[in-house]
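Engineer: This is the structure I want to talk about, given as structure tokens.
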Amino acid sequence: MFTNYLKIAWRNLLKNKGHSTINIGGLALGMAVTITIALWINEELSYNDYFKNKSKIAQVVQSQTFNGQTYTNDAIPRPLEKALRNDYNDNFEHLMMASWTNELYLKYEETAISRPGNYMQENAPELLNLNMLQGEKNALTEVNVIMLSKSTANALFGEENPLGKIVQVANEHRLMVSGIYEDIPSNNTFHDTEYIIPWKNYIKTWEWVQKSADDWGNNSFQLFVQIADHTGMQGVSDAIKDVKKLRNESTVEFNPQMLLLPMEDWHLRRNFENGKQVGGRIKYVWLFGIIGAFVLLLACINFMNLSTARSEKRGKEVGIRKSIGSHRSQLIYQFLSESFLVVLLAYGVALLIVFLSLNGFNALARKEIVFPWHNVYFWGASLVFILFTALLAGSYPALYLSSFKPIHVLKGTFKAGRYSGLPRKVLVVVQFTVSVAFIIGTLIVLQQINHAKNRPVGYDKEGLIQIPTFSADFEGKYELMRQEFMNSNAIVEMSSSSSPVTSIWSNRSGYDWEGKPEGFQEDLAWTYVSVDYAKSLNLKIVQGRDFSREFPSDSGAILINQTAVKYLGLSDPIGLVLRDTDKDDPAPPLTIIGVVEDMVTQSPYEPIKQGIYAFDSYGNSSYYNLRLNPDQSTSKSIAQIERVFKTHFPDIPFQYNFIDEEYGAKFASEERIGHLAGIFTALAILISCLGLFGLTSFVAEQRTKEIGVRKVLGATIFNVWNMLSKDFLKLIIISCFMAVPIAYYVMNGWLQEYPYRVILKWWIFALALLGAMLVTLITVSFQAIKAARANPIKSLRTE
């Protein structure tokens, strides 16, 4: 019986090729979008699955309160590890200290490369479940050793066996390769850890790290843990909450609280607001999940509409089958089998679309999704997906068509009824409500991105490059390199800084000044800079003066930004002295000599933070900032800079970044989401228009004789076009008015997450509505004009 149903379904598809093409094409597009989104969501949800102990691994994060506002980040003090080992050791299987990921120069013989990695304690390979290709998991027990990823080892040694070879690190340390581990996949937090150096070496190398052993105020480290099998994540988090506050009285005023952030939350739920976990990228998972569901719904609505629209043509078939004894249930099974066949064919086309577009999607989404041809779970989910879609798309047509009365159909007295088209109209309204809401949402996302992009950054980022200086070779050579670069005519100014121009790496508190409010808890973004910092960035001095080589006293001077003036409550900041409140080892006092214009250094969607720019008297340079000569080509300037660089640092790879590109990277995530949403919205519109095209075509076919009579009686092409178009246009106008409040409510809520955000303007909604109506008119007009131009003799000659 089922085979018979499929044969009938196949014959119906061949009989109505145009109708079948629209049905299968619309469903295929909808299913392709849904499959692509499902693969993306699976990639997001499987983040960090590489680590077999994922459910037991966590990072220790810290919340601190400044002036009633609680901030949470993953920077912790070094003595925390010792406290947890001594007093809470039963709660942990592993405790692992780690540095921040940092790029270092690695050299073997004549090969020099730069790679990101970390200093980690010796249990890192065990905690991270690294797959050791050479060496053992205890490869970090010695001090002067290094572990490399497979790709890094290949880049340095080629076909040579790397074990036991000596690598020069940062052109300063000589470390022996003690282990090679499999590259960590891209959808993992530690995917850019391409080398691991023992934590003991970190302590040995850096004096400030040695001094931090008992310093609870120096939050400059990371701590990862694996909780014991007999414990729970929340229980351990609650147990260690007050460990810092109980062991250091000077931190009590900031109410520091430690908590565990599970590895399962690192990627999707890393955001905190006033000390509470509030989500993160999970919102994009929900967003695209909803888009995928709605796009599939739009495609299913097309199927329902086109199937029920052809009800009169199937009426006689239903009447005959019922009159010879078919039960309604048999007819329902027949129509569902037709739906199943259409969905099955559409799914095959959808798989082809996904396969062909996956590389482009990966490039746009910055993913490495591989089509799961050999994954049995994928095919099991596909079967469920096909059955669900077939049931969703075919249930209403099956119930509707099987309800016809044979006596009325066969007598020719069957009429669809005045309100028989109402369900189709409702479905069209739903379709375009969703589509218009998608258009509005995409426009607002793109406008928010452009709003942040056009935000004044406070400095001139065009023609500005930065060179990392992560090697002891750079120490004491700033003035020499500045002079050499200037003499090359490649640049017009240069400076150095302890943080990149587009970021802040250090925050400080513990200062006193005249007029400081009682109980005020300062939190200051801190950057060490050279004397020419403001000049190289074209950073405007709005009060006071810049650093100058003519004033030796500037070694104890600072610049502050405009936000810091307001934050510190200063009316006349010039000459004000900030004094360190540390009684044991106070730093020298600092005098404010100037106020600079606010510059965006962190997220362009966030308020500018109160910043201090301190004169670099200690060699804290991490970057050279070079202003290229605008009177010659960029390529020529870069070539000149490289020649000078290689003259003084022949063993260090020449690296540079354009500041405007670094700043642009801050929009990468939102831009990817905006572009993907735009593509999915365009496909949703296309699917809706396919359905509208099919319906218009069918209506025109139904009213062929009516159109012929009207033309004979003098109706113009415009009259016929107006007759066929106005009903559909009314439905789209209803959809637009429904979509506007829905889109406004959703997108206004989304914008609240951004302190620096665009204000919703009426023209955004007007543009979306105008676009939707224009697309509708174009879609409907094609068939309407075609029907209006037809020769009436052909449609009337049978009468």
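Chain labels follow the order of the structure tokens: the first chain is A, the next B, and so on; residue numbering restarts at 1 in every chain, and ligands are counted from 1 in their shown order.
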Which residues of region 567-653 of chain A come within 10 Å of region 503-512 of chain A, and for each one, what is the closest pair of atoms and their distance in Å to one decimal, counting only C-alpha atoms, sorted by chain and residue number, as a tab-separated table?
Structural biologist:
```
residue	atom	partner	partner_atom	distance
A:Val577	CA	A:Asp512	CA	8.4
A:Leu578	CA	A:Asp512	CA	5.7
A:Arg579	CA	A:Asp512	CA	5.1
A:Asp580	CA	A:Tyr511	CA	4.7
A:Thr581	CA	A:Tyr511	CA	5.4
A:Asp582	CA	A:Gly510	CA	7.1
A:Pro586	CA	A:Tyr511	CA	9.9
A:Ala587	CA	A:Tyr511	CA	9.9
A:Pro589	CA	A:Tyr511	CA	9.3
A:Leu590	CA	A:Tyr511	CA	9.8
A:Val600	CA	A:Ser503	CA	8.5
A:Thr601	CA	A:Ser503	CA	4.8
A:Gln602	CA	A:Ser503	CA	5.0
A:Ser603	CA	A:Ser503	CA	8.4
A:Lys609	CA	A:Ile504	CA	9.6
A:Gln610	CA	A:Asn507	CA	9.9
A:Gly611	CA	A:Asn507	CA	8.9
A:Ile612	CA	A:Asn507	CA	9.3
```
Engineer: Taking the chain letters and numbering used in this document, name the residues of region 155-365 of chain A that DSSP puts in strand (DSSP E), as a VMD selection string.
Structural biologist: chain A and resid 166 to 169 173 to 181 195 to 198 219 to 227 257 to 262 271 to 273 276 to 279
Engineer: Assign secondary structure with DSSP using the backbone only, and return the residues of region 136-339 of chain A in alpha helix (DSSP H) as a PDB file with N, CA and C atoms, in the first residue's frame.
Structural biologist:
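Output saved as part-v3.pdb:
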```
ATOM      1  N   LYS A 150      52.500  19.742  17.491  1.00  0.00           N
ATOM      2  CA  LYS A 150      53.026  19.061  16.313  1.00  0.00           C
ATOM      3  C   LYS A 150      53.330  20.048  15.186  1.00  0.00           C
ATOM      4  N   SER A 151      52.403  20.994  14.936  1.00  0.00           N
ATOM      5  CA  SER A 151      52.612  21.939  13.838  1.00  0.00           C
ATOM      6  C   SER A 151      53.793  22.864  14.101  1.00  0.00           C
ATOM      7  N   THR A 152      53.972  23.274  15.356  1.00  0.00           N
ATOM      8  CA  THR A 152      55.109  24.135  15.700  1.00  0.00           C
ATOM      9  C   THR A 152      56.421  23.383  15.557  1.00  0.00           C
ATOM     10  N   ALA A 153      56.423  22.126  15.992  1.00  0.00           N
ATOM     11  CA  ALA A 153      57.621  21.292  15.855  1.00  0.00           C
ATOM     12  C   ALA A 153      57.978  21.109  14.384  1.00  0.00           C
ATOM     13  N   ASN A 154      56.962  20.892  13.536  1.00  0.00           N
ATOM     14  CA  ASN A 154      57.221  20.738  12.098  1.00  0.00           C
ATOM     15  C   ASN A 154      57.797  22.011  11.501  1.00  0.00           C
ATOM     16  N   ALA A 155      57.273  23.174  11.949  1.00  0.00           N
ATOM     17  CA  ALA A 155      57.762  24.449  11.423  1.00  0.00           C
ATOM     18  C   ALA A 155      59.215  24.700  11.809  1.00  0.00           C
ATOM     19  N   LEU A 156      59.620  24.243  12.991  1.00  0.00           N
ATOM     20  CA  LEU A 156      60.983  24.481  13.477  1.00  0.00           C
ATOM     21  C   LEU A 156      61.981  23.436  12.977  1.00  0.00           C
ATOM     22  N   PHE A 157      61.562  22.170  12.982  1.00  0.00           N
ATOM     23  CA  PHE A 157      62.520  21.082  12.756  1.00  0.00           C
ATOM     24  C   PHE A 157      62.303  20.318  11.461  1.00  0.00           C
ATOM     25  N   TRP A 199      56.213  26.180  34.543  1.00  0.00           N
ATOM     26  CA  TRP A 199      55.948  27.286  35.454  1.00  0.00           C
ATOM     27  C   TRP A 199      57.197  27.654  36.257  1.00  0.00           C
ATOM     28  N   LYS A 200      58.010  26.652  36.571  1.00  0.00           N
ATOM     29  CA  LYS A 200      59.253  26.896  37.326  1.00  0.00           C
ATOM     30  C   LYS A 200      60.169  27.849  36.544  1.00  0.00           C
ATOM     31  N   ASN A 201      60.149  27.726  35.231  1.00  0.00           N
ATOM     32  CA  ASN A 201      60.977  28.597  34.400  1.00  0.00           C
ATOM     33  C   ASN A 201      60.450  30.027  34.437  1.00  0.00           C
ATOM     34  N   TYR A 202      59.124  30.172  34.510  1.00  0.00           N
ATOM     35  CA  TYR A 202      58.494  31.498  34.605  1.00  0.00           C
ATOM     36  C   TYR A 202      58.962  32.209  35.871  1.00  0.00           C
ATOM     37  N   ILE A 203      58.937  31.467  36.966  1.00  0.00           N
ATOM     38  CA  ILE A 203      59.378  32.048  38.250  1.00  0.00           C
ATOM     39  C   ILE A 203      60.858  32.381  38.204  1.00  0.00           C
ATOM     40  N   LYS A 204      61.648  31.488  37.629  1.00  0.00           N
ATOM     41  CA  LYS A 204      63.101  31.687  37.556  1.00  0.00           C
ATOM     42  C   LYS A 204      63.466  32.896  36.689  1.00  0.00           C
ATOM     43  N   THR A 205      62.696  33.099  35.600  1.00  0.00           N
ATOM     44  CA  THR A 205      63.058  34.116  34.610  1.00  0.00           C
ATOM     45  C   THR A 205      62.679  35.529  35.035  1.00  0.00           C
ATOM     46  N   GLU A 207      61.651  38.415  37.737  1.00  0.00           N
ATOM     47  CA  GLU A 207      61.766  38.821  39.140  1.00  0.00           C
ATOM     48  C   GLU A 207      60.404  39.192  39.729  1.00  0.00           C
ATOM     49  N   TRP A 208      59.553  39.862  38.937  1.00  0.00           N
ATOM     50  CA  TRP A 208      58.254  40.281  39.457  1.00  0.00           C
ATOM     51  C   TRP A 208      57.373  39.081  39.793  1.00  0.00           C
ATOM     52  N   VAL A 209      57.570  37.973  39.063  1.00  0.00           N
ATOM     53  CA  VAL A 209      56.812  36.759  39.375  1.00  0.00           C
ATOM     54  C   VAL A 209      57.304  36.174  40.691  1.00  0.00           C
ATOM     55  N   GLN A 210      58.615  36.213  40.910  1.00  0.00           N
ATOM     56  CA  GLN A 210      59.178  35.729  42.176  1.00  0.00           C
ATOM     57  C   GLN A 210      58.611  36.520  43.360  1.00  0.00           C
ATOM     58  N   LYS A 211      58.524  37.852  43.188  1.00  0.00           N
ATOM     59  CA  LYS A 211      58.028  38.702  44.264  1.00  0.00           C
ATOM     60  C   LYS A 211      56.534  38.557  44.509  1.00  0.00           C
ATOM     61  N   MET A 233      30.749  20.941  41.357  1.00  0.00           N
ATOM     62  CA  MET A 233      31.300  22.241  40.966  1.00  0.00           C
ATOM     63  C   MET A 233      30.790  23.364  41.873  1.00  0.00           C
ATOM     64  N   GLN A 234      29.489  23.398  42.131  1.00  0.00           N
ATOM     65  CA  GLN A 234      28.927  24.471  42.939  1.00  0.00           C
ATOM     66  C   GLN A 234      29.402  24.383  44.382  1.00  0.00           C
ATOM     67  N   GLY A 235      29.495  23.151  44.913  1.00  0.00           N
ATOM     68  CA  GLY A 235      29.940  22.977  46.302  1.00  0.00           C
ATOM     69  C   GLY A 235      31.355  23.468  46.518  1.00  0.00           C
ATOM     70  N   VAL A 236      32.250  23.146  45.584  1.00  0.00           N
ATOM     71  CA  VAL A 236      33.646  23.598  45.696  1.00  0.00           C
ATOM     72  C   VAL A 236      33.713  25.114  45.517  1.00  0.00           C
ATOM     73  N   SER A 237      32.929  25.643  44.596  1.00  0.00           N
ATOM     74  CA  SER A 237      32.908  27.089  44.370  1.00  0.00           C
ATOM     75  C   SER A 237      32.470  27.828  45.626  1.00  0.00           C
ATOM     76  N   ASP A 238      31.451  27.318  46.285  1.00  0.00           N
ATOM     77  CA  ASP A 238      30.983  27.942  47.525  1.00  0.00           C
ATOM     78  C   ASP A 238      32.034  27.853  48.629  1.00  0.00           C
ATOM     79  N   ALA A 239      32.773  26.738  48.661  1.00  0.00           N
ATOM     80  CA  ALA A 239      33.765  26.524  49.720  1.00  0.00           C
ATOM     81  C   ALA A 239      34.925  27.503  49.632  1.00  0.00           C
ATOM     82  N   VAL A 243      38.210  32.770  50.305  1.00  0.00           N
ATOM     83  CA  VAL A 243      39.578  32.406  50.645  1.00  0.00           C
ATOM     84  C   VAL A 243      40.527  33.601  50.613  1.00  0.00           C
ATOM     85  N   LYS A 244      40.387  34.498  49.663  1.00  0.00           N
ATOM     86  CA  LYS A 244      41.277  35.656  49.577  1.00  0.00           C
ATOM     87  C   LYS A 244      40.971  36.663  50.681  1.00  0.00           C
ATOM     88  N   LYS A 245      39.708  36.900  50.916  1.00  0.00           N
ATOM     89  CA  LYS A 245      39.296  37.880  51.921  1.00  0.00           C
ATOM     90  C   LYS A 245      39.762  37.466  53.317  1.00  0.00           C
ATOM     91  N   LEU A 246      39.741  36.163  53.588  1.00  0.00           N
ATOM     92  CA  LEU A 246      40.114  35.666  54.914  1.00  0.00           C
ATOM     93  C   LEU A 246      41.619  35.691  55.147  1.00  0.00           C
ATOM     94  N   ARG A 247      42.402  35.740  54.076  1.00  0.00           N
ATOM     95  CA  ARG A 247      43.852  35.647  54.220  1.00  0.00           C
ATOM     96  C   ARG A 247      44.571  36.965  53.986  1.00  0.00           C
ATOM     97  N   ILE A 282      25.991  32.233  24.104  1.00  0.00           N
ATOM     98  CA  ILE A 282      24.801  31.377  24.064  1.00  0.00           C
ATOM     99  C   ILE A 282      23.626  32.116  23.421  1.00  0.00           C
ATOM    100  N   LYS A 283      23.645  33.461  23.508  1.00  0.00           N
ATOM    101  CA  LYS A 283      22.548  34.229  22.899  1.00  0.00           C
ATOM    102  C   LYS A 283      22.545  34.062  21.385  1.00  0.00           C
ATOM    103  N   TYR A 284      23.751  33.892  20.798  1.00  0.00           N
ATOM    104  CA  TYR A 284      23.817  33.677  19.358  1.00  0.00           C
ATOM    105  C   TYR A 284      23.340  32.279  18.982  1.00  0.00           C
ATOM    106  N   VAL A 285      23.591  31.308  19.861  1.00  0.00           N
ATOM    107  CA  VAL A 285      23.089  29.953  19.627  1.00  0.00           C
ATOM    108  C   VAL A 285      21.563  29.971  19.587  1.00  0.00           C
ATOM    109  N   TRP A 286      20.963  30.660  20.565  1.00  0.00           N
ATOM    110  CA  TRP A 286      19.504  30.789  20.582  1.00  0.00           C
ATOM    111  C   TRP A 286      19.009  31.554  19.355  1.00  0.00           C
ATOM    112  N   LEU A 287      19.720  32.634  19.017  1.00  0.00           N
ATOM    113  CA  LEU A 287      19.317  33.469  17.882  1.00  0.00           C
ATOM    114  C   LEU A 287      19.257  32.653  16.598  1.00  0.00           C
ATOM    115  N   PHE A 288      20.338  31.934  16.296  1.00  0.00           N
ATOM    116  CA  PHE A 288      20.367  31.175  15.052  1.00  0.00           C
ATOM    117  C   PHE A 288      19.468  29.948  15.107  1.00  0.00           C
ATOM    118  N   GLY A 289      19.295  29.388  16.306  1.00  0.00           N
ATOM    119  CA  GLY A 289      18.342  28.292  16.438  1.00  0.00           C
ATOM    120  C   GLY A 289      16.938  28.746  16.082  1.00  0.00           C
ATOM    121  N   ILE A 290      16.563  29.930  16.555  1.00  0.00           N
ATOM    122  CA  ILE A 290      15.237  30.488  16.242  1.00  0.00           C
ATOM    123  C   ILE A 290      15.127  30.803  14.758  1.00  0.00           C
ATOM    124  N   ILE A 291      16.201  31.369  14.172  1.00  0.00           N
ATOM    125  CA  ILE A 291      16.186  31.666  12.738  1.00  0.00           C
ATOM    126  C   ILE A 291      15.996  30.379  11.939  1.00  0.00           C
ATOM    127  N   GLY A 292      16.751  29.327  12.297  1.00  0.00           N
ATOM    128  CA  GLY A 292      16.630  28.058  11.585  1.00  0.00           C
ATOM    129  C   GLY A 292      15.233  27.482  11.665  1.00  0.00           C
ATOM    130  N   ALA A 293      14.636  27.539  12.859  1.00  0.00           N
ATOM    131  CA  ALA A 293      13.283  27.010  13.040  1.00  0.00           C
ATOM    132  C   ALA A 293      12.270  27.797  12.205  1.00  0.00           C
ATOM    133  N   PHE A 294      12.409  29.107  12.194  1.00  0.00           N
ATOM    134  CA  PHE A 294      11.456  29.934  11.445  1.00  0.00           C
ATOM    135  C   PHE A 294      11.635  29.782   9.931  1.00  0.00           C
ATOM    136  N   VAL A 295      12.883  29.658   9.473  1.00  0.00           N
ATOM    137  CA  VAL A 295      13.109  29.472   8.045  1.00  0.00           C
ATOM    138  C   VAL A 295      12.490  28.152   7.585  1.00  0.00           C
ATOM    139  N   LEU A 296      12.652  27.103   8.392  1.00  0.00           N
ATOM    140  CA  LEU A 296      12.016  25.828   8.055  1.00  0.00           C
ATOM    141  C   LEU A 296      10.497  25.969   8.063  1.00  0.00           C
ATOM    142  N   LEU A 297       9.976  26.712   9.031  1.00  0.00           N
ATOM    143  CA  LEU A 297       8.528  26.936   9.098  1.00  0.00           C
ATOM    144  C   LEU A 297       8.034  27.653   7.844  1.00  0.00           C
ATOM    145  N   LEU A 298       8.797  28.650   7.370  1.00  0.00           N
ATOM    146  CA  LEU A 298       8.413  29.368   6.159  1.00  0.00           C
ATOM    147  C   LEU A 298       8.327  28.420   4.968  1.00  0.00           C
ATOM    148  N   ALA A 299       9.310  27.520   4.873  1.00  0.00           N
ATOM    149  CA  ALA A 299       9.303  26.567   3.766  1.00  0.00           C
ATOM    150  C   ALA A 299       8.111  25.622   3.873  1.00  0.00           C
ATOM    151  N   CYS A 300       7.789  25.187   5.086  1.00  0.00           N
ATOM    152  CA  CYS A 300       6.642  24.304   5.284  1.00  0.00           C
ATOM    153  C   CYS A 300       5.329  25.022   4.968  1.00  0.00           C
ATOM    154  N   ILE A 301       5.252  26.295   5.291  1.00  0.00           N
ATOM    155  CA  ILE A 301       4.054  27.079   4.972  1.00  0.00           C
ATOM    156  C   ILE A 301       3.842  27.137   3.465  1.00  0.00           C
ATOM    157  N   ASN A 302       4.951  27.278   2.704  1.00  0.00           N
ATOM    158  CA  ASN A 302       4.833  27.250   1.246  1.00  0.00           C
ATOM    159  C   ASN A 302       4.163  25.961   0.780  1.00  0.00           C
ATOM    160  N   PHE A 303       4.643  24.846   1.342  1.00  0.00           N
ATOM    161  CA  PHE A 303       4.089  23.546   0.949  1.00  0.00           C
ATOM    162  C   PHE A 303       2.595  23.482   1.264  1.00  0.00           C
ATOM    163  N   MET A 304       2.223  23.911   2.472  1.00  0.00           N
ATOM    164  CA  MET A 304       0.815  23.884   2.877  1.00  0.00           C
ATOM    165  C   MET A 304      -0.029  24.748   1.948  1.00  0.00           C
ATOM    166  N   ASN A 305       0.431  25.949   1.686  1.00  0.00           N
ATOM    167  CA  ASN A 305      -0.337  26.886   0.863  1.00  0.00           C
ATOM    168  C   ASN A 305      -0.544  26.361  -0.549  1.00  0.00           C
ATOM    169  N   LEU A 306       0.545  25.895  -1.156  1.00  0.00           N
ATOM    170  CA  LEU A 306       0.443  25.435  -2.536  1.00  0.00           C
ATOM    171  C   LEU A 306      -0.379  24.152  -2.639  1.00  0.00           C
ATOM    172  N   SER A 307      -0.298  23.307  -1.613  1.00  0.00           N
ATOM    173  CA  SER A 307      -1.065  22.055  -1.628  1.00  0.00           C
ATOM    174  C   SER A 307      -2.555  22.320  -1.479  1.00  0.00           C
ATOM    175  N   THR A 308      -2.914  23.184  -0.543  1.00  0.00           N
ATOM    176  CA  THR A 308      -4.336  23.469  -0.329  1.00  0.00           C
ATOM    177  C   THR A 308      -4.903  24.351  -1.434  1.00  0.00           C
ATOM    178  N   ALA A 309      -4.052  25.179  -2.056  1.00  0.00           N
ATOM    179  CA  ALA A 309      -4.521  26.038  -3.135  1.00  0.00           C
ATOM    180  C   ALA A 309      -4.994  25.205  -4.325  1.00  0.00           C
ATOM    181  N   SER A 311      -6.616  22.523  -4.177  1.00  0.00           N
ATOM    182  CA  SER A 311      -7.611  21.600  -3.620  1.00  0.00           C
ATOM    183  C   SER A 311      -8.677  21.204  -4.630  1.00  0.00           C
ATOM    184  N   GLU A 312      -9.119  22.168  -5.442  1.00  0.00           N
ATOM    185  CA  GLU A 312     -10.190  21.852  -6.393  1.00  0.00           C
ATOM    186  C   GLU A 312      -9.712  20.849  -7.430  1.00  0.00           C
ATOM    187  N   LYS A 313      -8.423  20.917  -7.817  1.00  0.00           N
ATOM    188  CA  LYS A 313      -7.897  19.984  -8.811  1.00  0.00           C
ATOM    189  C   LYS A 313      -7.780  18.573  -8.235  1.00  0.00           C
ATOM    190  N   ARG A 314      -7.589  18.489  -6.921  1.00  0.00           N
ATOM    191  CA  ARG A 314      -7.503  17.166  -6.291  1.00  0.00           C
ATOM    192  C   ARG A 314      -8.864  16.684  -5.796  1.00  0.00           C
ATOM    193  N   GLY A 315      -9.870  17.547  -5.881  1.00  0.00           N
ATOM    194  CA  GLY A 315     -11.190  17.228  -5.329  1.00  0.00           C
ATOM    195  C   GLY A 315     -11.828  16.006  -5.962  1.00  0.00           C
ATOM    196  N   LYS A 316     -11.775  15.926  -7.304  1.00  0.00           N
ATOM    197  CA  LYS A 316     -12.407  14.798  -7.984  1.00  0.00           C
ATOM    198  C   LYS A 316     -11.691  13.492  -7.632  1.00  0.00           C
ATOM    199  N   GLU A 317     -10.368  13.558  -7.507  1.00  0.00           N
ATOM    200  CA  GLU A 317      -9.611  12.366  -7.112  1.00  0.00           C
ATOM    201  C   GLU A 317     -10.074  11.864  -5.750  1.00  0.00           C
ATOM    202  N   VAL A 318     -10.246  12.811  -4.821  1.00  0.00           N
ATOM    203  CA  VAL A 318     -10.708  12.439  -3.483  1.00  0.00           C
ATOM    204  C   VAL A 318     -12.115  11.853  -3.551  1.00  0.00           C
ATOM    205  N   GLY A 319     -12.975  12.501  -4.355  1.00  0.00           N
ATOM    206  CA  GLY A 319     -14.355  12.027  -4.472  1.00  0.00           C
ATOM    207  C   GLY A 319     -14.434  10.618  -5.019  1.00  0.00           C
ATOM    208  N   ILE A 320     -13.674  10.323  -6.069  1.00  0.00           N
ATOM    209  CA  ILE A 320     -13.689   8.977  -6.665  1.00  0.00           C
ATOM    210  C   ILE A 320     -13.164   7.939  -5.690  1.00  0.00           C
ATOM    211  N   ARG A 321     -12.033   8.269  -5.013  1.00  0.00           N
ATOM    212  CA  ARG A 321     -11.455   7.304  -4.079  1.00  0.00           C
ATOM    213  C   ARG A 321     -12.412   7.005  -2.928  1.00  0.00           C
ATOM    214  N   LYS A 322     -13.088   8.028  -2.441  1.00  0.00           N
ATOM    215  CA  LYS A 322     -14.032   7.813  -1.348  1.00  0.00           C
ATOM    216  C   LYS A 322     -15.250   7.005  -1.819  1.00  0.00           C
ATOM    217  N   SER A 323     -15.697   7.280  -3.055  1.00  0.00           N
ATOM    218  CA  SER A 323     -16.899   6.596  -3.548  1.00  0.00           C
ATOM    219  C   SER A 323     -16.665   5.115  -3.793  1.00  0.00           C
ATOM    220  N   ARG A 328     -11.087   7.818   5.081  1.00  0.00           N
ATOM    221  CA  ARG A 328     -10.374   9.091   5.211  1.00  0.00           C
ATOM    222  C   ARG A 328      -8.935   8.870   5.680  1.00  0.00           C
ATOM    223  N   SER A 329      -8.755   7.892   6.561  1.00  0.00           N
ATOM    224  CA  SER A 329      -7.412   7.615   7.069  1.00  0.00           C
ATOM    225  C   SER A 329      -6.475   7.209   5.943  1.00  0.00           C
ATOM    226  N   GLN A 330      -6.995   6.453   4.938  1.00  0.00           N
ATOM    227  CA  GLN A 330      -6.169   6.048   3.807  1.00  0.00           C
ATOM    228  C   GLN A 330      -5.761   7.259   2.962  1.00  0.00           C
ATOM    229  N   LEU A 331      -6.703   8.184   2.802  1.00  0.00           N
ATOM    230  CA  LEU A 331      -6.386   9.398   2.057  1.00  0.00           C
ATOM    231  C   LEU A 331      -5.344  10.242   2.794  1.00  0.00           C
ATOM    232  N   ILE A 332      -5.497  10.295   4.115  1.00  0.00           N
ATOM    233  CA  ILE A 332      -4.512  11.034   4.922  1.00  0.00           C
ATOM    234  C   ILE A 332      -3.133  10.417   4.737  1.00  0.00           C
ATOM    235  N   TYR A 333      -3.045   9.080   4.778  1.00  0.00           N
ATOM    236  CA  TYR A 333      -1.764   8.413   4.593  1.00  0.00           C
ATOM    237  C   TYR A 333      -1.205   8.703   3.200  1.00  0.00           C
ATOM    238  N   GLN A 334      -2.106   8.748   2.200  1.00  0.00           N
ATOM    239  CA  GLN A 334      -1.647   9.019   0.841  1.00  0.00           C
ATOM    240  C   GLN A 334      -1.027  10.413   0.738  1.00  0.00           C
ATOM    241  N   PHE A 335      -1.740  11.406   1.271  1.00  0.00           N
ATOM    242  CA  PHE A 335      -1.220  12.779   1.182  1.00  0.00           C
ATOM    243  C   PHE A 335       0.040  12.962   2.022  1.00  0.00           C
ATOM    244  N   LEU A 336       0.114  12.275   3.160  1.00  0.00           N
ATOM    245  CA  LEU A 336       1.335  12.344   3.966  1.00  0.00           C
ATOM    246  C   LEU A 336       2.499  11.674   3.244  1.00  0.00           C
ATOM    247  N   SER A 337       2.207  10.593   2.496  1.00  0.00           N
ATOM    248  CA  SER A 337       3.276   9.936   1.731  1.00  0.00           C
ATOM    249  C   SER A 337       3.782  10.860   0.623  1.00  0.00           C
ATOM    250  N   GLU A 338       2.869  11.636   0.012  1.00  0.00           N
ATOM    251  CA  GLU A 338       3.289  12.628  -0.971  1.00  0.00           C
ATOM    252  C   GLU A 338       4.187  13.672  -0.313  1.00  0.00           C
ATOM    253  N   SER A 339       3.777  14.102   0.864  1.00  0.00           N
ATOM    254  CA  SER A 339       4.596  15.060   1.617  1.00  0.00           C
ATOM    255  C   SER A 339       5.962  14.478   1.928  1.00  0.00           C
TER     256      SER A 339
END
```
Engineer: Give me the residues near Gly117 (chain A) as a PyMOL selection string, where near means some atom within 7 Å (using only C-alpha atoms) and where sequence neighbours in that chain fewer than 3 positions away do not count.
Structural biologist: chain A and resi 101-103+192-196
Engineer: Tell me which protein, DNA and RNA residues are within 6 Å of region 171-185 of chain A, counting only C-alpha atoms, leaving out same-chain ones fewer than 3 positions away, and put them as a PyMOL selection string.
Structural biologist: chain A and resi 131-135+139+144-150+163-168+191
Engineer: Between A:Asn23, A:Ser781, A:Asn67, A:Ser220, which has the minimum distance to Lys726 (chain A) (counting only C-alpha atoms)?
Structural biologist: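 Selected residue with least distance to Lys726 (chain A): A:Ser781.
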Engineer: Would you work out the distance separating CA of Ser63 (chain A) from CA of Pro256 (chain A), expressed in Å to one decimal?
Structural biologist: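 These two atoms are separated by 5.6 Å.
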Engineer: Between A:Leu27, A:Glu93, A:Leu422, A:Asn561, which is the closest to Gly394 (chain A) once you count only C-alpha atoms?
Structural biologist: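 For Gly394 (chain A), the nearest of the given residues is A:Leu27.
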Engineer: Could you pull the residues within 8 Å of region 754-764 of chain A, counting only C-alpha atoms, minus those fewer than 3 positions along the same chain, as an MDAnalysis selection string?
Structural biologist: chainID A and resid 440 443:444 447:448 451:452 604:607 748 751 767:768
Engineer: A:Leu770, A:Val720, A:Met120, A:Ile732: which is nearest Gly708 (chain A), counting only C-alpha atoms?
Structural biologist: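 Among the listed residues, A:Val720 lies closest to Gly708 (chain A).
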